[in-house]
$ cat query_22.csv   # CSV, C-alpha atoms
chain,number,residue,atom,x,y,z
A,24,MET,CA,5.2,49.2,-49.5
A,25,HIS,CA,4.5,46.5,-52.2
A,26,THR,CA,7.0,48.0,-54.6
A,27,ALA,CA,9.8,48.0,-52.0
A,28,ALA,CA,8.9,44.4,-50.9
A,29,ILE,CA,9.0,43.1,-54.4
A,30,ALA,CA,12.2,44.9,-55.2
A,31,VAL,CA,13.9,43.3,-52.1
A,32,GLY,CA,12.5,40.0,-53.2
A,33,VAL,CA,14.0,40.3,-56.6
A,34,THR,CA,17.3,41.2,-55.0
A,35,SER,CA,17.1,38.1,-52.8
A,36,VAL,CA,16.5,35.9,-55.8
A,37,GLY,CA,19.3,37.6,-57.7
A,38,ALA,CA,21.7,37.0,-54.8
A,39,TRP,CA,20.9,33.3,-54.8
A,40,VAL,CA,21.4,33.0,-58.6
A,41,TYR,CA,24.8,34.6,-58.1
A,42,LEU,CA,25.7,32.4,-55.2
A,43,LEU,CA,24.7,29.3,-57.1
A,44,LEU,CA,26.4,30.1,-60.4
A,45,GLY,CA,29.0,32.9,-59.8
A,46,ARG,CA,30.8,32.1,-56.6
A,47,GLY,CA,33.1,29.2,-57.4
A,48,TRP,CA,30.4,26.5,-56.9
A,49,PHE,CA,31.3,26.7,-53.2
A,50,TRP,CA,28.0,25.0,-52.2
A,51,ARG,CA,28.9,21.7,-54.0
A,52,ALA,CA,30.4,20.3,-50.8
A,53,GLY,CA,31.0,16.8,-52.2
A,54,LYS,CA,33.2,18.2,-54.9
A,55,CYS,CA,35.4,19.7,-52.2
A,56,SER,CA,36.1,16.3,-50.7
A,57,ALA,CA,39.6,15.0,-51.0
A,58,LYS,CA,38.5,11.7,-52.5
A,59,ASN,CA,37.0,13.5,-55.4
A,60,ILE,CA,40.1,15.6,-56.0
A,61,CYS,CA,43.0,13.5,-55.1
A,62,GLY,CA,42.0,10.0,-53.8
A,63,LYS,CA,45.4,8.5,-54.3
A,64,ALA,CA,47.7,7.3,-51.6
A,65,GLN,CA,51.1,9.0,-51.0
A,66,THR,CA,53.4,8.3,-53.9
A,67,GLY,CA,57.1,9.0,-54.7
A,68,VAL,CA,59.9,9.5,-52.3
A,69,PRO,CA,58.8,9.4,-48.7
A,70,VAL,CA,58.9,12.8,-47.0
A,71,SER,CA,59.4,13.9,-43.4
A,72,ALA,CA,56.7,15.7,-41.4
A,73,VAL,CA,56.2,17.0,-37.9
A,74,ALA,CA,52.7,17.4,-36.5
A,75,VAL,CA,52.4,20.4,-34.1
A,76,VAL,CA,49.5,20.2,-31.6
A,77,PRO,CA,48.8,23.3,-29.5
A,78,ALA,CA,46.8,22.2,-26.4
A,79,ARG,CA,45.2,24.3,-23.7
A,80,ASN,CA,43.0,22.4,-21.2
A,81,GLU,CA,42.4,19.4,-23.6
A,82,ARG,CA,42.8,16.5,-21.3
A,83,GLU,CA,39.7,14.7,-22.6
A,84,THR,CA,40.7,14.8,-26.2
A,85,ILE,CA,44.4,14.9,-26.4
A,86,GLY,CA,44.9,11.2,-26.1
A,87,PRO,CA,42.8,10.1,-29.1
A,88,ALA,CA,44.2,13.0,-31.1
A,89,ILE,CA,47.8,11.8,-30.6
A,90,LYS,CA,47.0,8.2,-31.2
A,91,SER,CA,45.3,9.1,-34.5
A,92,LEU,CA,48.4,11.0,-35.6
A,93,LEU,CA,51.0,8.4,-34.6
A,94,GLY,CA,48.7,5.7,-36.2
A,95,GLN,CA,48.9,7.3,-39.6
A,96,GLU,CA,49.5,5.1,-42.7
A,97,PHE,CA,52.3,7.3,-43.7
A,98,ALA,CA,55.4,6.1,-45.6
A,99,GLY,CA,57.6,9.0,-44.5
A,100,ARG,CA,59.1,10.0,-41.1
A,101,LEU,CA,56.6,11.5,-38.7
A,102,HIS,CA,57.0,13.1,-35.3
A,103,VAL,CA,54.3,14.7,-33.1
A,104,VAL,CA,55.1,17.8,-30.9
A,105,VAL,CA,52.4,18.6,-28.3
A,106,VAL,CA,52.7,22.1,-26.9
A,107,ASP,CA,51.0,22.4,-23.5
A,108,ASP,CA,49.7,26.0,-23.5
A,109,HIS,CA,49.6,26.6,-19.7
A,110,SER,CA,46.9,24.0,-19.2
A,111,GLU,CA,45.3,23.6,-15.7
A,112,ASP,CA,43.8,20.2,-16.2
A,113,GLY,CA,46.8,17.9,-16.7
A,114,THR,CA,46.8,18.0,-20.5
A,115,ALA,CA,50.6,17.5,-20.7
A,116,GLU,CA,50.4,14.4,-18.4
A,117,ALA,CA,47.5,13.0,-20.3
A,118,ALA,CA,49.5,13.4,-23.6
A,119,ARG,CA,52.5,11.6,-22.2
A,120,GLU,CA,50.3,8.8,-20.8
A,121,SER,CA,48.3,8.3,-23.9
A,122,ILE,CA,50.9,6.3,-25.8
A,123,GLU,CA,54.5,5.1,-25.5
A,124,ASP,CA,56.2,6.2,-28.6
A,125,ASN,CA,59.6,7.9,-29.0
A,126,ARG,CA,58.1,10.0,-31.9
A,127,LEU,CA,56.0,11.9,-29.4
A,128,ILE,CA,57.5,15.1,-27.9
A,129,VAL,CA,55.6,17.1,-25.2
A,130,ILE,CA,56.8,20.6,-24.3
A,131,LYS,CA,55.5,23.5,-22.3
A,132,ALA,CA,54.9,26.8,-23.9
A,133,LYS,CA,56.9,29.8,-22.5
A,134,ALA,CA,55.1,32.8,-21.1
A,135,LEU,CA,52.9,34.5,-23.7
A,136,PRO,CA,54.7,37.6,-25.0
A,137,ALA,CA,52.9,40.9,-25.8
A,138,GLY,CA,51.5,41.1,-29.3
A,139,TRP,CA,50.9,37.3,-29.7
A,140,THR,CA,47.7,35.4,-29.5
A,141,GLY,CA,47.9,32.3,-27.4
A,142,LYS,CA,47.4,29.6,-30.0
A,143,VAL,CA,49.8,31.2,-32.5
A,144,TRP,CA,52.4,31.5,-29.8
A,145,ALA,CA,51.9,27.8,-28.8
A,146,MET,CA,52.3,26.8,-32.5
A,147,GLN,CA,55.4,28.9,-32.7
A,148,GLN,CA,56.9,26.9,-29.8
A,149,GLY,CA,56.1,23.7,-31.6
A,150,ILE,CA,57.6,24.8,-34.9
A,151,GLU,CA,60.8,25.9,-33.1
A,152,ALA,CA,61.0,22.4,-31.6
A,153,ALA,CA,60.4,20.8,-35.0
A,154,ARG,CA,63.3,22.6,-36.7
A,155,ASP,CA,65.8,20.2,-35.1
A,156,LEU,CA,64.0,17.4,-37.0
A,157,HIS,CA,64.3,19.2,-40.4
A,158,PRO,CA,60.8,18.3,-41.7
A,159,GLU,CA,59.7,19.0,-45.2
A,160,PHE,CA,56.1,19.5,-44.0
A,161,ILE,CA,54.6,20.8,-40.8
A,162,LEU,CA,51.1,19.7,-39.9
A,163,LEU,CA,49.3,22.2,-37.7
A,164,THR,CA,46.4,20.6,-36.0
A,165,ASP,CA,44.0,20.9,-33.1
A,166,ALA,CA,44.1,18.8,-29.9
A,167,ASP,CA,40.4,17.8,-30.4
A,168,VAL,CA,40.8,16.4,-33.9
A,169,VAL,CA,41.0,12.6,-34.6
A,170,HIS,CA,42.5,12.0,-38.0
A,171,GLY,CA,41.6,9.3,-40.4
A,172,ARG,CA,44.4,6.9,-41.0
A,173,SER,CA,45.3,8.2,-44.5
A,174,SER,CA,44.7,11.9,-43.7
A,175,LEU,CA,48.3,13.0,-43.7
A,176,ALA,CA,49.2,10.9,-46.7
A,177,THR,CA,46.3,12.4,-48.6
A,178,LEU,CA,47.3,15.9,-47.7
A,179,VAL,CA,50.9,15.2,-48.8
A,180,SER,CA,49.6,13.8,-52.1
A,181,VAL,CA,47.5,16.8,-52.7
A,182,ALA,CA,50.5,19.1,-52.0
A,183,LYS,CA,52.9,17.1,-54.1
A,184,GLU,CA,50.6,16.6,-57.1
A,185,GLY,CA,49.2,20.1,-57.1
A,186,ARG,CA,52.4,21.8,-56.0
A,187,TYR,CA,50.6,23.5,-53.1
A,188,ASP,CA,52.4,25.2,-50.3
A,189,LEU,CA,49.6,24.8,-47.9
A,190,THR,CA,46.9,22.2,-47.9
A,191,SER,CA,44.1,22.1,-45.4
A,192,PHE,CA,41.1,19.9,-44.4
A,193,MET,CA,37.9,21.2,-42.9
A,194,VAL,CA,37.4,18.2,-40.6
A,195,ARG,CA,33.9,17.0,-39.9
A,196,LEU,CA,32.7,18.9,-36.8
A,197,HIS,CA,30.7,17.3,-34.0
A,198,CYS,CA,27.0,17.3,-35.0
A,199,GLU,CA,24.7,15.4,-32.7
A,200,SER,CA,22.8,17.9,-30.5
A,201,MET,CA,19.8,19.9,-31.7
A,202,ALA,CA,22.0,23.1,-31.6
A,203,GLU,CA,24.7,21.4,-33.6
A,204,ARG,CA,22.4,20.1,-36.2
A,205,LEU,CA,20.9,23.5,-36.8
A,206,LEU,CA,24.1,25.5,-36.7
A,207,ILE,CA,27.2,23.4,-37.5
A,208,PRO,CA,26.5,22.6,-41.1
A,209,ALA,CA,25.6,26.3,-41.5
A,210,PHE,CA,29.0,27.2,-40.1
A,211,VAL,CA,30.7,25.2,-42.9
A,212,PHE,CA,28.3,26.6,-45.5
A,213,PHE,CA,29.0,30.2,-44.5
A,214,PHE,CA,32.8,29.5,-44.3
A,215,PHE,CA,32.9,28.1,-47.9
A,216,MET,CA,30.7,31.0,-49.0
A,217,LEU,CA,33.3,33.4,-47.8
A,218,TYR,CA,36.2,31.3,-49.0
A,219,PRO,CA,35.2,29.3,-52.0
A,220,PRO,CA,37.7,26.3,-52.3
A,221,ARG,CA,38.0,26.7,-56.0
A,222,TRP,CA,39.0,30.3,-55.6
A,223,ILE,CA,41.4,29.5,-52.9
A,224,ALA,CA,43.2,27.0,-55.2
A,225,ALA,CA,43.1,29.3,-58.2
A,226,ALA,CA,46.4,31.1,-58.8
A,227,ASN,CA,44.6,34.0,-60.4
A,228,LYS,CA,42.3,34.7,-57.4
A,229,LYS,CA,43.4,36.6,-54.3
A,230,THR,CA,41.0,34.5,-52.1
A,231,ALA,CA,43.0,32.6,-49.4
A,232,GLY,CA,41.6,30.5,-46.6
A,233,ALA,CA,42.3,27.4,-44.5
A,234,ALA,CA,40.8,25.4,-41.7
A,235,GLY,CA,43.0,25.6,-38.6
A,236,GLY,CA,42.1,22.1,-37.3
A,237,CYS,CA,44.2,20.5,-40.0
A,238,MET,CA,46.8,22.5,-42.0
A,239,LEU,CA,49.8,21.0,-43.8
A,240,VAL,CA,52.4,23.6,-44.8
A,241,ARG,CA,55.7,23.2,-46.5
A,242,ALA,CA,58.4,24.2,-44.0
A,243,ASP,CA,60.3,26.3,-46.6
A,244,ALA,CA,57.2,28.1,-47.7
A,245,LEU,CA,56.4,29.0,-44.1
A,246,GLU,CA,59.9,30.3,-43.7
A,247,ARG,CA,59.6,32.4,-46.8
A,248,ALA,CA,56.3,33.9,-45.7
A,249,GLY,CA,57.9,35.1,-42.5
A,250,GLY,CA,56.9,32.2,-40.2
A,251,LEU,CA,54.2,32.5,-37.6
A,252,GLU,CA,55.7,35.8,-36.5
A,253,ALA,CA,54.0,37.4,-39.5
A,254,ILE,CA,50.6,36.5,-38.1
A,255,ARG,CA,51.5,36.6,-34.4
A,256,GLY,CA,48.5,38.8,-33.4
A,257,GLU,CA,45.8,37.2,-35.5
A,258,VAL,CA,42.7,35.7,-34.0
A,259,ILE,CA,41.7,34.0,-37.2
A,260,ASP,CA,45.1,32.6,-37.6
A,261,ASP,CA,44.3,29.9,-40.2
A,262,CYS,CA,43.1,32.3,-42.8
A,263,ALA,CA,45.8,34.8,-42.0
A,264,LEU,CA,48.4,32.1,-42.6
A,265,ALA,CA,46.8,31.2,-45.9
A,266,ARG,CA,46.9,34.8,-47.0
A,267,ALA,CA,50.5,35.1,-46.0
A,268,ILE,CA,51.4,32.0,-47.9
A,269,LYS,CA,49.4,32.9,-51.0
A,270,ALA,CA,50.7,36.5,-51.1
A,271,GLU,CA,54.3,35.4,-50.8
A,272,ARG,CA,56.3,35.7,-54.0
A,273,PHE,CA,59.3,33.6,-55.0
A,274,PRO,CA,61.3,32.8,-58.1
A,275,SER,CA,59.9,30.0,-60.3
A,276,ALA,CA,61.9,26.9,-61.3
A,277,ALA,CA,62.6,28.3,-64.8
A,278,GLU,CA,65.3,30.9,-65.0
A,279,ALA,CA,64.3,34.4,-65.8
A,280,ALA,CA,60.6,33.5,-65.3
A,281,PRO,CA,58.4,35.9,-63.4
A,282,LEU,CA,57.8,35.5,-59.7
A,283,GLN,CA,55.1,33.0,-58.6
A,284,SER,CA,52.7,33.2,-55.8
A,285,GLY,CA,52.3,30.6,-53.1
A,286,ARG,CA,49.6,28.1,-53.7
A,287,VAL,CA,46.9,27.1,-51.2
A,288,TRP,CA,44.3,24.3,-51.2
A,289,LEU,CA,41.2,23.7,-49.0
A,290,GLY,CA,38.9,20.6,-48.9
A,291,LEU,CA,36.6,18.6,-46.8
A,292,SER,CA,37.8,15.6,-45.0
A,293,ASP,CA,36.0,12.3,-45.4
A,294,SER,CA,37.6,10.6,-42.3
A,295,SER,CA,38.9,13.2,-39.8
A,296,GLU,CA,36.6,14.6,-37.2
A,297,SER,CA,36.5,16.9,-34.2
A,298,LEU,CA,35.7,15.6,-30.8
A,299,ARG,CA,34.7,19.0,-29.5
A,300,GLU,CA,31.0,19.0,-28.5
A,301,TYR,CA,28.8,22.0,-28.6
A,302,GLY,CA,25.8,20.9,-26.6
A,303,SER,CA,23.9,24.2,-26.4
A,304,PHE,CA,23.1,27.2,-28.5
A,305,ALA,CA,25.1,29.4,-26.0
A,306,GLU,CA,28.3,27.4,-26.6
A,307,ILE,CA,28.0,27.7,-30.4
A,308,GLY,CA,27.2,31.4,-29.9
A,309,ARG,CA,30.4,31.9,-28.0
A,310,MET,CA,32.3,30.1,-30.7
A,311,ILE,CA,30.9,32.4,-33.4
A,312,ALA,CA,31.3,35.5,-31.4
A,313,ARG,CA,35.0,34.8,-30.8
A,314,THR,CA,35.9,35.7,-34.4
A,315,ALA,CA,32.9,37.3,-36.1
A,316,PHE,CA,33.7,41.0,-35.5
A,317,ASN,CA,37.4,40.3,-36.2
A,318,GLN,CA,36.3,38.9,-39.6
A,319,LEU,CA,34.6,42.2,-40.2
A,320,ARG,CA,37.8,44.1,-39.3
A,321,HIS,CA,36.1,45.6,-36.2
A,322,SER,CA,34.0,47.9,-38.4
A,323,TRP,CA,30.5,48.8,-37.4
A,324,LEU,CA,29.9,49.9,-41.0
A,325,MET,CA,30.9,46.4,-42.3
A,326,LEU,CA,28.8,44.8,-39.5
A,327,ALA,CA,25.7,46.9,-40.6
A,328,GLY,CA,26.3,46.0,-44.3
A,329,GLY,CA,26.8,42.3,-43.4
A,330,LEU,CA,23.6,42.2,-41.4
A,331,ALA,CA,21.7,43.9,-44.2
A,332,GLY,CA,23.2,41.5,-46.8
A,333,MET,CA,22.4,38.4,-44.7
A,334,ALA,CA,18.8,39.7,-44.1
A,335,ILE,CA,18.2,40.2,-47.8
A,336,THR,CA,19.7,36.9,-48.7
A,337,PHE,CA,18.5,34.6,-45.9
A,338,VAL,CA,15.6,36.2,-44.1
A,339,VAL,CA,13.6,38.1,-46.8
A,340,PRO,CA,12.4,34.9,-48.6
A,341,VAL,CA,10.7,33.7,-45.4
A,342,ALA,CA,9.4,37.2,-44.6
A,343,LEU,CA,7.8,37.5,-48.0
A,344,ILE,CA,6.1,34.2,-47.8
A,345,PHE,CA,4.8,35.0,-44.3
A,346,LEU,CA,3.7,38.5,-45.3
A,347,TYR,CA,1.8,37.5,-48.4
A,348,SER,CA,0.3,34.3,-47.2
A,349,THR,CA,-1.1,35.5,-44.0
A,350,GLN,CA,-2.8,38.6,-45.3
A,351,ALA,CA,-6.0,38.8,-47.3
A,352,ASN,CA,-6.3,42.0,-49.2
A,353,PRO,CA,-8.2,42.1,-52.5
A,354,ALA,CA,-6.1,45.2,-53.6
A,355,TRP,CA,-3.1,42.9,-53.8
A,356,VAL,CA,-4.7,40.9,-56.6
A,357,GLY,CA,-5.1,42.1,-60.1
A,358,HIS,CA,-8.0,41.5,-62.5
A,359,SER,CA,-6.3,38.4,-63.8
A,360,GLY,CA,-5.8,37.0,-60.3
A,361,PHE,CA,-2.1,37.7,-60.5
A,362,GLY,CA,-1.0,40.7,-58.3
A,363,TRP,CA,1.3,41.8,-55.5
A,364,GLY,CA,0.5,38.8,-53.3
A,365,THR,CA,1.1,36.2,-55.9
A,366,LEU,CA,4.4,37.9,-57.1
A,367,GLY,CA,5.6,38.2,-53.5
A,368,LEU,CA,4.9,34.6,-52.7
A,369,MET,CA,6.6,33.4,-55.9
A,370,LEU,CA,9.7,35.5,-55.2
A,371,GLY,CA,9.9,34.3,-51.6
A,372,ALA,CA,9.4,30.7,-52.5
A,373,LEU,CA,11.9,30.8,-55.4
A,374,ALA,CA,14.6,32.4,-53.2
A,375,TRP,CA,14.0,29.8,-50.4
A,376,ALA,CA,14.0,27.0,-52.9
A,377,LEU,CA,17.4,28.1,-54.3
A,378,MET,CA,18.7,28.5,-50.8
A,379,THR,CA,17.6,25.0,-49.8
A,380,LEU,CA,19.2,23.6,-53.0
A,381,ALA,CA,22.5,25.3,-52.2
A,382,TYR,CA,22.5,24.2,-48.5
A,383,LEU,CA,21.5,20.6,-49.2
A,384,PRO,CA,25.0,19.2,-50.1
A,385,VAL,CA,26.5,20.4,-46.8
A,386,VAL,CA,23.5,18.9,-44.8
A,387,LEU,CA,24.0,15.6,-46.5
A,388,TYR,CA,27.7,15.7,-45.9
A,389,TYR,CA,26.8,15.8,-42.2
A,390,ARG,CA,24.6,12.8,-42.7
A,391,LEU,CA,21.5,14.6,-41.7
A,392,ASN,CA,18.0,14.3,-43.0
A,393,GLY,CA,17.7,16.5,-46.1
A,394,LEU,CA,14.8,18.4,-44.5
A,395,TRP,CA,17.3,20.2,-42.3
A,396,ALA,CA,18.2,22.2,-45.5
A,397,VAL,CA,15.1,24.3,-45.1
A,398,THR,CA,16.3,25.6,-41.7
A,399,LEU,CA,19.1,27.8,-43.1
A,400,PRO,CA,17.1,31.1,-42.6
A,401,LEU,CA,16.8,30.3,-38.9
A,402,ALA,CA,20.5,29.4,-38.6
A,403,ALA,CA,21.4,32.6,-40.5
A,404,SER,CA,19.3,34.7,-38.0
A,405,PHE,CA,21.3,33.1,-35.1
A,406,TYR,CA,24.6,33.9,-36.8
A,407,MET,CA,23.4,37.5,-37.3
A,408,GLY,CA,22.7,37.8,-33.6
A,409,ALA,CA,26.1,36.2,-32.7
A,410,ALA,CA,27.9,38.8,-34.9
A,411,VAL,CA,26.3,41.6,-33.0
A,412,TRP,CA,27.2,39.9,-29.7
A,413,SER,CA,30.8,39.6,-31.1
A,414,ALA,CA,30.9,43.4,-31.7
A,415,VAL,CA,29.6,44.1,-28.2
A,416,LYS,CA,32.2,41.8,-26.6
A,417,TYR,CA,35.0,43.5,-28.6
A,418,TRP,CA,34.1,47.0,-27.4
A,419,SER,CA,33.8,45.8,-23.9
A,420,GLY,CA,37.3,44.4,-24.0
A,421,ARG,CA,36.3,40.7,-24.1
A,422,GLY,CA,36.6,40.0,-27.7
A,423,GLY,CA,38.2,36.7,-28.9
A,424,GLU,CA,37.5,35.0,-25.6
A,425,TRP,CA,38.8,31.4,-25.6
A,426,LYS,CA,39.6,29.3,-22.6
A,427,GLY,CA,40.1,32.2,-20.2
A,428,ARG,CA,41.8,34.5,-22.6
A,429,ALA,CA,40.3,37.6,-24.2
A,430,GLN,CA,42.5,38.2,-27.3
A,431,ASP,CA,40.6,40.7,-29.4
A,432,GLY,CA,39.2,43.4,-27.1
A,433,LYS,CA,39.1,47.1,-27.8
A,434,THR,CA,41.3,47.6,-24.7
A,435,ARG,CA,43.7,44.9,-25.5
A,436,PRO,CA,47.3,46.3,-25.1

$ encode --input "query_22.csv" --output "structure tokens"
Amino acid sequence: MHTAAIAVGVTSVGAWVYLLLGRGWFWRAGKCSAKNICGKAQTGVPVSAVAVVPARNERETIGPAIKSLLGQEFAGRLHVVVVDDHSEDGTAEAARESIEDNRLIVIKAKALPAGWTGKVWAMQQGIEAARDLHPEFILLTDADVVHGRSSLATLVSVAKEGRYDLTSFMVRLHCESMAERLLIPAFVFFFFMLYPPRWIAAANKKTAGAAGGCMLVRADALERAGGLEAIRGEVIDDCALARAIKAERFPSAAEAAPLQSGRVWLGLSDSSESLREYGSFAEIGRMIARTAFNQLRHSWLMLAGGLAGMAITFVVPVALIFLYSTQANPAWVGHSGFGWGTLGLMLGALAWALMTLAYLPVVLYYRLNGLWAVTLPLAASFYMGAAVWSAVKYWSGRGGEWKGRAQDGKTRP
């Protein structure tokens, strides 16, 4: 028993050494902030952009979202297209009443065709409407996001200076309730752990990811990648679009040069935030379950492996400390006073300390007390349970549930 426990403890410590040093420094959240990468205002020739906002039952948030877009400090030409995705709460009317501005266009989405997920189809309707405006950039953003006044200009600057085809902000999510404080920073931490921003931006890495709440894409790059039709059935549409953009190959500017891949960038926003509240653990559980099993490619084998990996990485350190600090067995202690118990405690404490160190920057980004960083094992346990729930929902035909639609079920046509 002791040998196995110590071996798992060593594995846990090794996992955290790798995560801290070998995974693109994903945990250094402040370094992913736009102000630390490209804090300049938009420069050069003004560009044209169209913001496409898919909205389904978003009456409470659509007004502030639109006002924040039309209030951008942006030197170029900007229009906003709101796509009412068959709302039942008067979202379209609320959008029209929010502001009088001829740059605002509100349309109703057509009936959802087979093979498309609802949000992607709504975005497709907005992009089709935007074509008549001939934009250089298209901003795909959610109806609950309030953008900082320089958000669009900063994204354009990042795209221009870094020659990126898709630039994206992970906006600051709502983090006020007890459930949000425990689980929302962890959501960002796990996302960056899966999709390290440095790897996303690196041309020599296949990793591609984006945050669907705020994505700026070059119109020509989107067209080359096959448009949204290429990802029409995706539930995790933002990362699917990033993969399509980064995998797309096109001729470089230099004649006879080899083909180049599309370029993608992801960072944290310092000024844009989501108004969507998750007041309970159940609400956040539903949010996680909507995509977790899809992320695992609907594989029970990958689910089992993911749960085992998370247990070793996040749960084992606490388990070791509990096991070896609550038991009193002289056989665990050697003649020198250093034995199984001491070693188990040391490994558990070291792994937990490394975990806390890695999680602290994200906790501070959310302006929380640093002591919240020690709660990551508890948050990870919740996410493990939500992943299992996601698999159950998929096999029951209710996967990908969002606002009355099940878009990722086993029985989905």

$ closest_atom_pairs --input "query_22.csv" --of "range 90-195 of chain A" --to "range 283-300 of chain A" --cutoff "7 Å" --atoms "only C-alpha atoms" --output "Markdown table"
| residue | atom | partner | partner_atom | distance |
| --- | --- | --- | --- | --- |
| A:Asp167 | CA | A:Leu298 | CA | 5.2 |
| A:Val168 | CA | A:Ser297 | CA | 4.3 |
| A:Val169 | CA | A:Glu296 | CA | 5.5 |
| A:His170 | CA | A:Ser295 | CA | 4.2 |
| A:Gly171 | CA | A:Ser294 | CA | 4.6 |
| A:Tyr187 | CA | A:Arg286 | CA | 4.7 |
| A:Asp188 | CA | A:Arg286 | CA | 5.3 |
| A:Leu189 | CA | A:Val287 | CA | 4.8 |
| A:Thr190 | CA | A:Trp288 | CA | 4.7 |
| A:Ser191 | CA | A:Leu289 | CA | 4.9 |
| A:Phe192 | CA | A:Gly290 | CA | 5.1 |
| A:Met193 | CA | A:Leu291 | CA | 4.9 |
| A:Val194 | CA | A:Glu296 | CA | 5.0 |
| A:Arg195 | CA | A:Glu296 | CA | 4.5 |

$ residues_around --input "query_22.csv" --residues "Val36 in chain A" --least-positions-apart "2" --cutoff "9 Å" --atoms "all atoms listed in the file" --output "PDB file with C-alpha atoms, keeping the file's coordinate frame"
ATOM      1  CA  VAL A  31      13.900  43.300 -52.100  1.00  0.00           C
ATOM      2  CA  GLY A  32      12.500  40.000 -53.200  1.00  0.00           C
ATOM      3  CA  VAL A  33      14.000  40.300 -56.600  1.00  0.00           C
ATOM      4  CA  THR A  34      17.300  41.200 -55.000  1.00  0.00           C
ATOM      5  CA  ALA A  38      21.700  37.000 -54.800  1.00  0.00           C
ATOM      6  CA  TRP A  39      20.900  33.300 -54.800  1.00  0.00           C
ATOM      7  CA  VAL A  40      21.400  33.000 -58.600  1.00  0.00           C
ATOM      8  CA  TYR A  41      24.800  34.600 -58.100  1.00  0.00           C
ATOM      9  CA  THR A 336      19.700  36.900 -48.700  1.00  0.00           C
ATOM     10  CA  PRO A 340      12.400  34.900 -48.600  1.00  0.00           C
ATOM     11  CA  LEU A 370       9.700  35.500 -55.200  1.00  0.00           C
ATOM     12  CA  GLY A 371       9.900  34.300 -51.600  1.00  0.00           C
ATOM     13  CA  LEU A 373      11.900  30.800 -55.400  1.00  0.00           C
ATOM     14  CA  ALA A 374      14.600  32.400 -53.200  1.00  0.00           C
ATOM     15  CA  TRP A 375      14.000  29.800 -50.400  1.00  0.00           C
ATOM     16  CA  LEU A 377      17.400  28.100 -54.300  1.00  0.00           C
TER      17      LEU A 377
END

$ closest_residue --input "query_22.csv" --among "A:Ala153, A:Ile344, A:Ile128, A:Gly302" --to "Thr365 in chain A" --atoms "all atoms listed in the file"
A:Ile344

$ atom_distance --input "query_22.csv" --atom1 "CA of Gly364 in chain A" --atom2 "CA of Phe337 in chain A"
19.9 Å

$ closest_residue --input "query_22.csv" --among "A:Asp112, A:Gly232, A:Trp323, A:Lys269" --to "Pro220 in chain A" --atoms "only C-alpha atoms"
A:Gly232

$ closest_residue --input "query_22.csv" --among "A:Lys426, A:Arg309, A:Arg46, A:Lys229" --to "Trp412 in chain A" --atoms "all atoms listed in the file"
A:Arg309

$ closest_residue --input "query_22.csv" --among "A:Ala414, A:Gly47, A:Arg119, A:Gln430" --to "Ala137 in chain A" --atoms "all atoms listed in the file"
A:Gln430

$ residues_around --input "query_22.csv" --residues "Ala429 in chain A" --least-positions-apart "5" --cutoff "10 Å" --atoms "only C-alpha atoms" --output "MDAnalysis selection string"
chainID A and resid 140:141 313 416:417 420:424 435

$ closest_residue --input "query_22.csv" --among "A:Val75, A:Ala182, A:Ala265, A:Cys198" --to "Ala145 in chain A" --atoms "all atoms listed in the file"
A:Val75

$ atom_distance --input "query_22.csv" --atom1 "CA of Tyr301 in chain A" --atom2 "CA of Glu203 in chain A"
6.5 Å

$ residues_around --input "query_22.csv" --residues "range 93-104 of chain A" --least-positions-apart "4" --cutoff "7 Å" --atoms "all atoms listed in the file" --output "ChimeraX atom specification"
/A:69-76,89,126-129,149,172-173,175-176

$ write_last_selection --input "query_22.csv" --atoms "C-alpha atoms" --output "PDB file, keeping the file's coordinate frame"
ATOM      1  CA  PRO A  69      58.800   9.400 -48.700  1.00  0.00           C
ATOM      2  CA  VAL A  70      58.900  12.800 -47.000  1.00  0.00           C
ATOM      3  CA  SER A  71      59.400  13.900 -43.400  1.00  0.00           C
ATOM      4  CA  ALA A  72      56.700  15.700 -41.400  1.00  0.00           C
ATOM      5  CA  VAL A  73      56.200  17.000 -37.900  1.00  0.00           C
ATOM      6  CA  ALA A  74      52.700  17.400 -36.500  1.00  0.00           C
ATOM      7  CA  VAL A  75      52.400  20.400 -34.100  1.00  0.00           C
ATOM      8  CA  VAL A  76      49.500  20.200 -31.600  1.00  0.00           C
ATOM      9  CA  ILE A  89      47.800  11.800 -30.600  1.00  0.00           C
ATOM     10  CA  ARG A 126      58.100  10.000 -31.900  1.00  0.00           C
ATOM     11  CA  LEU A 127      56.000  11.900 -29.400  1.00  0.00           C
ATOM     12  CA  ILE A 128      57.500  15.100 -27.900  1.00  0.00           C
ATOM     13  CA  VAL A 129      55.600  17.100 -25.200  1.00  0.00           C
ATOM     14  CA  GLY A 149      56.100  23.700 -31.600  1.00  0.00           C
ATOM     15  CA  ARG A 172      44.400   6.900 -41.000  1.00  0.00           C
ATOM     16  CA  SER A 173      45.300   8.200 -44.500  1.00  0.00           C
ATOM     17  CA  LEU A 175      48.300  13.000 -43.700  1.00  0.00           C
ATOM     18  CA  ALA A 176      49.200  10.900 -46.700  1.00  0.00           C
TER      19      ALA A 176
END
